[in-house]
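K.L.:
I'm passing along coords_29.pdb; it holds PDB, C-alpha atoms, pLDDT in the B column.
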MODEL        1
ATOM      1  CA  MET R   1       0.000   0.000   0.000  1.00 47.00           C
ATOM      2  CA  ALA R   2       1.335   3.457  -0.857  1.00 48.00           C
ATOM      3  CA  ALA R   3       1.840   6.173   1.742  1.00 47.00           C
ATOM      4  CA  ASN R   4      -1.337   7.961   0.762  1.00 50.00           C
ATOM      5  CA  GLY R   5      -3.363   4.787   1.386  1.00 49.00           C
ATOM      6  CA  LEU R   6      -3.976   4.021  -2.314  1.00 47.00           C
ATOM      7  CA  TRP R   7      -3.124   0.776  -4.037  1.00 47.00           C
ATOM      8  CA  LEU R   8      -1.020   0.939  -7.162  1.00 47.00           C
ATOM      9  CA  VAL R   9      -2.117  -1.659  -9.727  1.00 44.00           C
ATOM     10  CA  ASP R  10       0.285  -3.349 -12.086  1.00 49.00           C
ATOM     11  CA  THR R  11      -1.691  -3.461 -15.340  1.00 45.00           C
ATOM     12  CA  ASN R  12       0.657  -6.113 -16.736  1.00 50.00           C
ATOM     13  CA  ALA R  13      -0.122  -8.529 -13.891  1.00 46.00           C
ATOM     14  CA  VAL R  14      -3.868  -7.913 -13.547  1.00 44.00           C
ATOM     15  CA  ASN R  15      -6.042  -8.959 -16.465  1.00 49.00           C
ATOM     16  CA  SER R  16      -9.280  -7.206 -15.478  1.00 46.00           C
ATOM     17  CA  PRO R  17      -8.960  -4.119 -13.209  1.00 46.00           C
ATOM     18  CA  THR R  18     -11.959  -3.443 -11.032  1.00 43.00           C
ATOM     19  CA  TYR R  19     -13.102  -0.316 -12.844  1.00 43.00           C
ATOM     20  CA  ILE R  20     -12.924  -2.076 -16.205  1.00 42.00           C
ATOM     21  CA  THR R  21     -14.954  -5.044 -14.957  1.00 44.00           C
ATOM     22  CA  ALA R  22     -17.699  -2.773 -13.668  1.00 41.00           C
ATOM     23  CA  HIS R  23     -17.953  -0.949 -16.965  1.00 46.00           C
ATOM     24  CA  LYS R  24     -17.683  -4.162 -18.958  1.00 46.00           C
ATOM     25  CA  PHE R  25     -20.567  -6.009 -17.364  1.00 48.00           C
ATOM     26  CA  GLY R  26     -22.971  -3.121 -16.842  1.00 58.00           C
ATOM     27  CA  PRO R  27     -23.988  -2.792 -20.503  1.00 58.00           C
ATOM     28  CA  ALA R  28     -23.696  -6.545 -20.939  1.00 57.00           C
ATOM     29  CA  LYS R  29     -26.377  -7.075 -18.327  1.00 59.00           C
ATOM     30  CA  ALA R  30     -28.543  -4.515 -20.085  1.00 61.00           C
ATOM     31  CA  LEU R  31     -28.235  -6.400 -23.357  1.00 59.00           C
ATOM     32  CA  MET R  32     -29.013  -9.688 -21.635  1.00 61.00           C
ATOM     33  CA  ALA R  33     -32.130  -8.044 -20.176  1.00 64.00           C
ATOM     34  CA  PHE R  34     -33.084  -7.017 -23.707  1.00 63.00           C
ATOM     35  CA  ALA R  35     -32.731 -10.618 -24.852  1.00 61.00           C
ATOM     36  CA  LEU R  36     -35.005 -11.788 -22.023  1.00 62.00           C
ATOM     37  CA  PHE R  37     -37.532  -9.101 -22.916  1.00 62.00           C
ATOM     38  CA  ALA R  38     -37.464 -10.261 -26.550  1.00 60.00           C
ATOM     39  CA  ILE R  39     -38.162 -13.856 -25.491  1.00 60.00           C
ATOM     40  CA  LEU R  40     -41.121 -12.807 -23.337  1.00 58.00           C
ATOM     41  CA  ALA R  41     -42.521 -10.466 -25.995  1.00 58.00           C
ATOM     42  CA  VAL R  42     -42.442 -13.047 -28.764  1.00 53.00           C
ATOM     43  CA  GLY R  43     -43.696 -15.741 -26.393  1.00 55.00           C
ATOM     44  CA  ALA R  44     -46.702 -13.560 -25.541  1.00 53.00           C
ATOM     45  CA  VAL R  45     -47.680 -13.727 -29.212  1.00 51.00           C
ATOM     46  CA  TYR R  46     -46.692 -17.354 -29.801  1.00 50.00           C
ATOM     47  CA  VAL R  47     -48.424 -18.983 -26.799  1.00 47.00           C
ATOM     48  CA  PRO R  48     -51.952 -17.660 -27.496  1.00 48.00           C
ATOM     49  CA  ALA R  49     -51.572 -18.687 -31.160  1.00 44.00           C
ATOM     50  CA  THR R  50     -50.578 -22.186 -30.075  1.00 43.00           C
ATOM     51  CA  ALA R  51     -53.479 -22.413 -27.628  1.00 41.00           C
ATOM     52  CA  PHE R  52     -55.889 -21.353 -30.373  1.00 39.00           C
ATOM     53  CA  ALA R  53     -54.520 -24.023 -32.694  1.00 39.00           C
ATOM     54  CA  GLN R  54     -55.047 -26.669 -29.998  1.00 38.00           C
ATOM     55  CA  GLU R  55     -58.763 -25.786 -29.856  1.00 44.00           C
ATOM     56  CA  GLU R  56     -59.266 -26.739 -33.507  1.00 46.00           C
ATOM     57  CA  PRO R  57     -60.821 -30.138 -34.328  1.00 46.00           C
ATOM     58  CA  ALA R  58     -58.472 -33.080 -34.421  1.00 51.00           C
ATOM     59  CA  ALA R  59     -57.047 -33.850 -37.844  1.00 50.00           C
ATOM     60  CA  ASN R  60     -58.412 -37.426 -37.778  1.00 59.00           C
ATOM     61  CA  ALA R  61     -61.924 -36.480 -36.609  1.00 80.00           C
ATOM     62  CA  GLU R  62     -65.177 -36.366 -38.561  1.00 91.00           C
ATOM     63  CA  LEU R  63     -67.507 -33.362 -38.548  1.00 96.00           C
ATOM     64  CA  VAL R  64     -71.284 -33.744 -38.961  1.00 97.00           C
ATOM     65  CA  ILE R  65     -72.442 -31.022 -41.366  1.00 97.00           C
ATOM     66  CA  TYR R  66     -76.010 -32.229 -41.962  1.00 98.00           C
ATOM     67  CA  ASP R  67     -78.497 -34.364 -40.015  1.00 98.00           C
ATOM     68  CA  GLU R  68     -82.111 -33.853 -41.074  1.00 97.00           C
ATOM     69  CA  ILE R  69     -85.137 -35.562 -42.587  1.00 97.00           C
ATOM     70  CA  THR R  70     -85.471 -34.947 -46.298  1.00 96.00           C
ATOM     71  CA  GLY R  71     -88.215 -36.732 -48.216  1.00 95.00           C
ATOM     72  CA  PRO R  72     -88.631 -40.319 -47.019  1.00 97.00           C
ATOM     73  CA  TYR R  73     -85.157 -40.498 -45.475  1.00 98.00           C
ATOM     74  CA  ARG R  74     -83.216 -39.142 -42.580  1.00 97.00           C
ATOM     75  CA  VAL R  75     -79.812 -38.169 -43.955  1.00 98.00           C
ATOM     76  CA  LYS R  76     -76.662 -37.669 -41.926  1.00 98.00           C
ATOM     77  CA  ILE R  77     -73.664 -36.198 -43.742  1.00 98.00           C
ATOM     78  CA  SER R  78     -70.173 -35.924 -42.273  1.00 97.00           C
ATOM     79  CA  GLN R  79     -66.941 -34.586 -43.681  1.00 97.00           C
ATOM     80  CA  PHE R  80     -63.450 -35.917 -43.122  1.00 96.00           C
ATOM     81  CA  PRO R  81     -61.213 -34.372 -41.940  1.00 95.00           C
ATOM     82  CA  ALA R  82     -63.153 -32.143 -39.570  1.00 95.00           C
ATOM     83  CA  ARG R  83     -60.987 -29.138 -40.450  1.00 94.00           C
ATOM     84  CA  ALA R  84     -60.682 -29.551 -44.174  1.00 95.00           C
ATOM     85  CA  ILE R  85     -57.983 -27.819 -46.215  1.00 95.00           C
ATOM     86  CA  VAL R  86     -57.747 -27.498 -49.975  1.00 95.00           C
ATOM     87  CA  GLY R  87     -57.222 -30.924 -51.431  1.00 94.00           C
ATOM     88  CA  THR R  88     -59.057 -34.177 -50.777  1.00 95.00           C
ATOM     89  CA  LEU R  89     -62.363 -34.048 -48.916  1.00 97.00           C
ATOM     90  CA  ARG R  90     -64.101 -37.268 -47.952  1.00 97.00           C
ATOM     91  CA  VAL R  91     -67.878 -37.202 -47.467  1.00 97.00           C
ATOM     92  CA  ILE R  92     -69.679 -39.883 -45.420  1.00 97.00           C
ATOM     93  CA  ILE R  93     -73.428 -40.278 -46.035  1.00 97.00           C
ATOM     94  CA  GLU R  94     -75.684 -42.299 -43.723  1.00 97.00           C
ATOM     95  CA  PRO R  95     -79.290 -42.480 -44.961  1.00 97.00           C
ATOM     96  CA  THR R  96     -81.948 -44.219 -42.882  1.00 97.00           C
ATOM     97  CA  ASP R  97     -85.670 -44.743 -43.332  1.00 97.00           C
ATOM     98  CA  ALA R  98     -87.424 -41.757 -41.734  1.00 96.00           C
ATOM     99  CA  GLU R  99     -90.244 -43.972 -40.401  1.00 95.00           C
ATOM    100  CA  THR R 100     -88.507 -47.141 -39.283  1.00 95.00           C
ATOM    101  CA  GLY R 101     -84.936 -45.896 -38.708  1.00 95.00           C
ATOM    102  CA  LEU R 102     -83.572 -48.832 -40.689  1.00 96.00           C
ATOM    103  CA  PRO R 103     -80.535 -48.281 -42.899  1.00 95.00           C
ATOM    104  CA  VAL R 104     -81.127 -47.632 -46.591  1.00 95.00           C
ATOM    105  CA  GLU R 105     -79.102 -50.231 -48.445  1.00 90.00           C
ATOM    106  CA  ASN R 106     -78.383 -50.528 -52.160  1.00 90.00           C
ATOM    107  CA  ALA R 107     -79.167 -46.867 -52.785  1.00 95.00           C
ATOM    108  CA  LEU R 108     -77.802 -44.812 -55.664  1.00 96.00           C
ATOM    109  CA  VAL R 109     -75.946 -41.917 -54.040  1.00 97.00           C
ATOM    110  CA  ARG R 110     -74.363 -38.979 -55.864  1.00 98.00           C
ATOM    111  CA  VAL R 111     -72.410 -36.110 -54.330  1.00 98.00           C
ATOM    112  CA  PHE R 112     -71.949 -32.745 -56.069  1.00 98.00           C
ATOM    113  CA  GLY R 113     -69.691 -29.951 -54.825  1.00 97.00           C
ATOM    114  CA  MET R 114     -70.308 -26.326 -55.854  1.00 96.00           C
ATOM    115  CA  PRO R 115     -67.353 -23.950 -55.281  1.00 95.00           C
ATOM    116  CA  PRO R 116     -67.802 -20.685 -53.322  1.00 93.00           C
ATOM    117  CA  ALA R 117     -67.112 -18.623 -56.455  1.00 86.00           C
ATOM    118  CA  GLU R 118     -67.370 -19.350 -60.129  1.00 81.00           C
ATOM    119  CA  GLY R 119     -65.743 -22.635 -60.935  1.00 82.00           C
ATOM    120  CA  GLU R 120     -66.224 -26.201 -61.998  1.00 88.00           C
ATOM    121  CA  ARG R 121     -68.819 -28.295 -60.199  1.00 92.00           C
ATOM    122  CA  GLN R 122     -67.286 -31.393 -58.643  1.00 95.00           C
ATOM    123  CA  PHE R 123     -68.867 -34.851 -58.648  1.00 97.00           C
ATOM    124  CA  SER R 124     -68.323 -38.097 -56.794  1.00 97.00           C
ATOM    125  CA  PRO R 125     -70.410 -41.261 -56.570  1.00 97.00           C
ATOM    126  CA  GLY R 126     -71.361 -42.397 -53.095  1.00 96.00           C
ATOM    127  CA  LEU R 127     -69.972 -45.894 -52.797  1.00 95.00           C
ATOM    128  CA  ASN R 128     -71.423 -48.330 -50.284  1.00 91.00           C
ATOM    129  CA  SER R 129     -69.019 -49.449 -47.562  1.00 83.00           C
ATOM    130  CA  PRO R 130     -68.277 -53.214 -47.813  1.00 84.00           C
ATOM    131  CA  THR R 131     -67.960 -53.432 -44.016  1.00 86.00           C
ATOM    132  CA  ASN R 132     -70.906 -51.214 -43.061  1.00 87.00           C
ATOM    133  CA  ARG R 133     -73.797 -51.293 -45.543  1.00 86.00           C
ATOM    134  CA  ARG R 134     -75.468 -48.229 -44.014  1.00 91.00           C
ATOM    135  CA  LEU R 135     -72.595 -45.923 -44.950  1.00 96.00           C
ATOM    136  CA  TYR R 136     -71.780 -44.408 -48.351  1.00 97.00           C
ATOM    137  CA  PHE R 137     -68.508 -42.643 -49.135  1.00 97.00           C
ATOM    138  CA  GLY R 138     -67.744 -39.912 -51.647  1.00 97.00           C
ATOM    139  CA  GLN R 139     -64.420 -38.225 -52.313  1.00 97.00           C
ATOM    140  CA  MET R 140     -63.664 -34.960 -54.125  1.00 96.00           C
ATOM    141  CA  GLU R 141     -60.661 -32.770 -54.822  1.00 95.00           C
ATOM    142  CA  LEU R 142     -61.544 -29.252 -53.670  1.00 95.00           C
ATOM    143  CA  GLU R 143     -58.768 -26.855 -54.616  1.00 92.00           C
ATOM    144  CA  GLU R 144     -60.458 -23.559 -53.740  1.00 93.00           C
ATOM    145  CA  PRO R 145     -60.800 -22.305 -50.139  1.00 95.00           C
ATOM    146  CA  GLY R 146     -64.148 -21.075 -48.885  1.00 95.00           C
ATOM    147  CA  VAL R 147     -67.609 -22.475 -48.214  1.00 97.00           C
ATOM    148  CA  TRP R 148     -68.551 -25.223 -50.662  1.00 97.00           C
ATOM    149  CA  THR R 149     -72.151 -26.331 -51.167  1.00 97.00           C
ATOM    150  CA  LEU R 150     -72.599 -30.101 -51.201  1.00 98.00           C
ATOM    151  CA  ASP R 151     -75.691 -31.552 -52.906  1.00 97.00           C
ATOM    152  CA  VAL R 152     -76.280 -35.195 -51.983  1.00 98.00           C
ATOM    153  CA  GLU R 153     -78.821 -37.079 -54.074  1.00 98.00           C
ATOM    154  CA  ILE R 154     -80.239 -40.363 -52.817  1.00 97.00           C
ATOM    155  CA  ASP R 155     -82.325 -42.749 -54.955  1.00 97.00           C
ATOM    156  CA  ALA R 156     -83.692 -45.849 -53.219  1.00 96.00           C
ATOM    157  CA  ASP R 157     -86.847 -47.992 -52.916  1.00 94.00           C
ATOM    158  CA  LYS R 158     -88.932 -45.249 -51.258  1.00 95.00           C
ATOM    159  CA  GLY R 159     -88.043 -42.597 -53.774  1.00 96.00           C
ATOM    160  CA  ARG R 160     -85.573 -39.768 -54.297  1.00 96.00           C
ATOM    161  CA  ALA R 161     -84.293 -37.160 -51.858  1.00 97.00           C
ATOM    162  CA  ILE R 162     -81.790 -34.304 -51.996  1.00 97.00           C
ATOM    163  CA  ALA R 163     -79.832 -33.061 -48.972  1.00 98.00           C
ATOM    164  CA  ILE R 164     -77.903 -29.777 -49.169  1.00 97.00           C
ATOM    165  CA  ALA R 165     -74.975 -29.226 -46.812  1.00 98.00           C
ATOM    166  CA  GLN R 166     -72.040 -26.832 -46.585  1.00 97.00           C
ATOM    167  CA  ALA R 167     -68.366 -27.588 -46.012  1.00 97.00           C
ATOM    168  CA  THR R 168     -65.746 -24.968 -45.141  1.00 96.00           C
ATOM    169  CA  ILE R 169     -62.427 -25.509 -46.891  1.00 96.00           C
ATOM    170  CA  HIS R 170     -59.410 -23.729 -45.409  1.00 96.00           C
ATOM    171  CA  GLU R 171     -56.270 -22.556 -47.160  1.00 94.00           C
ATOM    172  CA  ARG R 172     -53.266 -24.797 -46.833  1.00 87.00           C
ATOM    173  CA  ALA R 173     -50.872 -23.367 -44.246  1.00 78.00           C
ATOM    174  CA  ARG R 174     -47.599 -22.166 -45.701  1.00 67.00           C
ATOM    175  CA  SER R 175     -44.517 -23.663 -44.098  1.00 56.00           C
ATOM    176  CA  GLY R 176     -43.076 -20.181 -43.522  1.00 53.00           C
ATOM    177  CA  ASP R 177     -46.047 -19.225 -41.345  1.00 50.00           C
ATOM    178  CA  ASN R 178     -45.336 -22.072 -38.924  1.00 53.00           C
ATOM    179  CA  THR R 179     -41.738 -21.029 -38.382  1.00 60.00           C
ATOM    180  CA  LEU R 180     -42.137 -17.235 -38.491  1.00 62.00           C
ATOM    181  CA  VAL R 181     -42.366 -16.799 -34.735  1.00 60.00           C
ATOM    182  CA  GLY R 182     -39.366 -19.028 -34.098  1.00 64.00           C
ATOM    183  CA  THR R 183     -37.347 -17.145 -36.708  1.00 69.00           C
ATOM    184  CA  ILE R 184     -38.144 -13.764 -35.140  1.00 73.00           C
ATOM    185  CA  LEU R 185     -37.221 -15.089 -31.717  1.00 68.00           C
ATOM    186  CA  PHE R 186     -33.935 -16.491 -33.014  1.00 69.00           C
ATOM    187  CA  VAL R 187     -33.027 -13.201 -34.727  1.00 73.00           C
ATOM    188  CA  LEU R 188     -33.760 -11.110 -31.642  1.00 72.00           C
ATOM    189  CA  ILE R 189     -31.712 -13.326 -29.356  1.00 71.00           C
ATOM    190  CA  SER R 190     -28.877 -13.495 -31.879  1.00 74.00           C
ATOM    191  CA  VAL R 191     -28.767  -9.704 -32.159  1.00 73.00           C
ATOM    192  CA  ALA R 192     -28.686  -9.377 -28.383  1.00 70.00           C
ATOM    193  CA  PHE R 193     -25.809 -11.815 -27.931  1.00 67.00           C
ATOM    194  CA  VAL R 194     -23.853 -10.382 -30.847  1.00 73.00           C
ATOM    195  CA  GLY R 195     -24.256  -6.992 -29.185  1.00 72.00           C
ATOM    196  CA  VAL R 196     -22.852  -8.400 -25.941  1.00 70.00           C
ATOM    197  CA  GLY R 197     -19.878  -9.852 -27.779  1.00 73.00           C
ATOM    198  CA  LEU R 198     -19.141  -6.602 -29.620  1.00 76.00           C
ATOM    199  CA  TRP R 199     -19.371  -4.587 -26.409  1.00 72.00           C
ATOM    200  CA  LEU R 200     -16.931  -6.881 -24.640  1.00 76.00           C
ATOM    201  CA  TRP R 201     -14.550  -6.702 -27.603  1.00 74.00           C
ATOM    202  CA  PHE R 202     -14.626  -2.892 -27.664  1.00 76.00           C
ATOM    203  CA  SER R 203     -14.241  -2.784 -23.874  1.00 77.00           C
ATOM    204  CA  SER R 204     -11.193  -5.020 -24.127  1.00 78.00           C
ATOM    205  CA  LYS R 205      -9.685  -2.780 -26.795  1.00 78.00           C
ATOM    206  CA  ARG R 206     -10.363   0.338 -24.730  1.00 79.00           C
ATOM    207  CA  ALA R 207      -8.791  -1.243 -21.669  1.00 79.00           C
ATOM    208  CA  GLN R 208      -5.729  -2.220 -23.706  1.00 79.00           C
ATOM    209  CA  ARG R 209      -5.362   1.349 -24.920  1.00 80.00           C
ATOM    210  CA  ARG R 210      -5.528   2.611 -21.328  1.00 79.00           C
ATOM    211  CA  ARG R 211      -2.830   0.161 -20.242  1.00 78.00           C
ATOM    212  CA  ASP R 212      -0.674   1.212 -23.170  1.00 77.00           C
ATOM    213  CA  ALA R 213      -1.163   4.865 -22.220  1.00 78.00           C
ATOM    214  CA  ILE R 214      -0.157   4.173 -18.592  1.00 76.00           C
ATOM    215  CA  ARG R 215       3.036   2.394 -19.681  1.00 75.00           C
ATOM    216  CA  LYS R 216       3.800   5.189 -22.111  1.00 74.00           C
ATOM    217  CA  ASP R 217       3.357   7.966 -19.562  1.00 73.00           C
ATOM    218  CA  GLY R 218       4.914   6.522 -16.440  1.00 69.00           C
ATOM    219  CA  GLY R 219       5.953   2.987 -17.026  1.00 61.00           C
ATOM    220  CA  SER R 220       4.369   0.001 -15.312  1.00 58.00           C
ATOM    221  CA  PRO R 221       3.167   0.950 -11.819  1.00 53.00           C
ATOM    222  CA  ARG R 222       4.100  -1.476  -9.100  1.00 51.00           C
ATOM    223  CA  ARG R 223       2.192  -2.356  -5.966  1.00 49.00           C
ATOM    224  CA  SER R 224       3.946  -0.937  -2.887  1.00 47.00           C
ATOM    225  CA  SER R 225       5.177  -3.431  -0.363  1.00 48.00           C
ATOM    226  CA  GLY R 226       4.534  -1.037   2.518  1.00 46.00           C
TER     227      GLY R 226
ENDMDL
END
So, in terms of structure tokens, how does the structure I just supplied come out?

P.N.:
Amino acid sequence: MAANGLWLVDTNAVNSPTYITAHKFGPAKALMAFALFAILAVGAVYVPATAFAQEEPAANAELVIYDEITGPYRVKISQFPARAIVGTLRVIIEPTDAETGLPVENALVRVFGMPPAEGERQFSPGLNSPTNRRLYFGQMELEEPGVWTLDVEIDADKGRAIAIAQATIHERARSGDNTLVGTILFVLISVAFVGVGLWLWFSSKRAQRRRDAIRKDGGSPRRSSG
């Protein structure tokens, strides 16, 4: 310790003087706080979006879009998948006798799909299921999003009936939309950590210049043994 009670620091022997450390990690902590804020901000947007997606119907579920009596039959129409996107839509038709409730077998079933705007009318025959004779299946390729009108015609022993249902077809999600939030989060965190690295590099350079200036002006100070 020197006579005036102050310590003299040898800058050659000490890698990180106290005053440099304090300045070095102050801004670094601020940048780390910014990174944490970025994570929380993006998470506040991402979590509600994820929760909303979880409330949608399961991909492998059916959705009943019609269940009424029309003519001599009670007709139940379901779509698969429940949340349909542009592409293949499967339609399940279950006609029963309106009076007896018995299944209508060996019926001639036709399914027509009318697009939400001007476009080509789609058609599919309703084919009887070999394992369940009360069910008929139709399949169409619907390439336009929106509300499609489905006309189901049924011809059987008791006559003819037409059931009209509606199916909502959603746009196919773009792959970029699913990763947008993660990309933003990655960029924000990367910027924050790059900023920390640059600040530490500049701090190190500034400290080196100060040590060089001390050696230039008065040589290397030595710690007093007294």

K.L.:
By how many Å are CA of Ile169 (chain R) and CA of Glu144 (chain R) apart?

P.N.:
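Between CA of Ile169 (chain R) and CA of Glu144 (chain R) the gap works out to 7.4 Å.
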
K.L.:
CA of Phe80 (chain R) to CA of Leu63 (chain R): how many Å, to one decimal?

P.N.:
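A separation of 6.6 Å between them.
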
K.L.:
Please evaluate the PyMOL selection byres ((chain R and resi 111) around 10) against the displayed coordinates and give the resulting residues as a list in words.

P.N.:
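This file, filtered by the PyMOL selection byres ((chain R and resi 111) around 10), leaves Val91, Ile93, Val109, Arg110, Phe112, Gly113, Gln122, Phe123, Ser124, Pro125, Gly126, Phe137, Gly138, Gln139, Met140, Leu150, Asp151, Val152, Glu153, Ile154, Ile162, Ala163 and Ile164 of chain R.
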
K.L.:
Measuring atom to atom with only C-alpha atoms, identify which of R:Asp217, R:Glu143, R:Asn106, R:Ile65 is nearest to Asp157 (chain R).

P.N.:
R:Asn106

K.L.:
For CA of Thr70 (chain R) and CA of Ala98 (chain R), determine how far apart the two atoms are, in Å to one decimal place.

P.N.:
8.4 Å

K.L.:
When you look at Leu135 (chain R) with a cut-off of 8 Å (counting all atoms listed in the file), what residues show up, excluding the ones that are within fewer than 4 positions of it in the same chain? I need them as a list of chain:residue names.

P.N.:
R:Ile92, R:Ile93, R:Glu94, R:Pro95, R:Asn128, R:Ser129

K.L.:
Would you mind exporting the chosen residues as a short mmCIF file (atom, residue, chain, number, x, y, z; two decimals), in the coordinates of the input, restricted to C-alpha atoms?

P.N.:
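The result, written out as out-v7.cif:
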data_model
loop_
_atom_site.label_atom_id
_atom_site.label_comp_id
_atom_site.auth_asym_id
_atom_site.auth_seq_id
_atom_site.Cartn_x
_atom_site.Cartn_y
_atom_site.Cartn_z
CA ILE R 92 -69.68 -39.88 -45.42
CA ILE R 93 -73.43 -40.28 -46.04
CA GLU R 94 -75.68 -42.30 -43.72
CA PRO R 95 -79.29 -42.48 -44.96
CA ASN R 128 -71.42 -48.33 -50.28
CA SER R 129 -69.02 -49.45 -47.56
#

K.L.:
Tell me which of R:Leu198, R:Ala173, R:Ala165, R:Ala82 sits closest to Glu68 (chain R), counting only C-alpha atoms.

P.N.:
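With only C-alpha atoms as the atom set, the closest residue is R:Ala165.
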
K.L.:
If the PyMOL selection byres ((chain R and resi 99) around 10) is run on the structure shown, which residues does it catch, given as a list in words?

P.N.:
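That selection, the PyMOL selection byres ((chain R and resi 99) around 10), comes back as Pro72, Tyr73, Arg74, Thr96, Asp97, Ala98, Thr100, Gly101 and Leu102 of chain R.
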
K.L.:
Looking at all atoms listed in the file, which of R:Pro130, R:Asp212, R:Gln166, R:Ala161 is the one that sits closest to Val64 (chain R)?

P.N.:
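The answer is R:Gln166, which sits nearest to Val64 (chain R).
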
K.L.:
Please determine, counting only C-alpha atoms, which residue among R:Pro145, R:Gly159, R:Gly197, R:Gly119 has the shortest atom-to-atom distance to Ala107 (chain R).

P.N.:
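Among R:Pro145, R:Gly159, R:Gly197, R:Gly119, it is R:Gly159 that comes nearest to Ala107 (chain R).
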
K.L.:
With a distance cut-off of 8 Å and only C-alpha atoms, select the neighbouring residues of Asp67 (chain R), excluding the residue or stretch itself and same-chain residues fewer than 4 positions from it, and output the selection as a VMD selection string.

P.N.:
chain R and resid 74 to 77

K.L.:
How about saving the chosen residues, C-alpha atoms kept, as a PDB file, keeping the file's coordinate frame?

P.N.:
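Output below, filename part.pdb:
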ATOM      1  CA  ARG R  74     -83.216 -39.142 -42.580  1.00 97.00           C
ATOM      2  CA  VAL R  75     -79.812 -38.169 -43.955  1.00 98.00           C
ATOM      3  CA  LYS R  76     -76.662 -37.669 -41.926  1.00 98.00           C
ATOM      4  CA  ILE R  77     -73.664 -36.198 -43.742  1.00 98.00           C
TER       5      ILE R  77
END

K.L.:
Give, as JSON, the centre coordinates and the x, y and z edge lengths in Å to one decimal for an axis-aligned box around all listed atoms of region 151-156 of chain R, padded by 6 Å on each side.

P.N.:
{"center_x": -79.7, "center_y": -38.7, "center_z": -53.5, "size_x": 20.0, "size_y": 26.3, "size_z": 15.0}
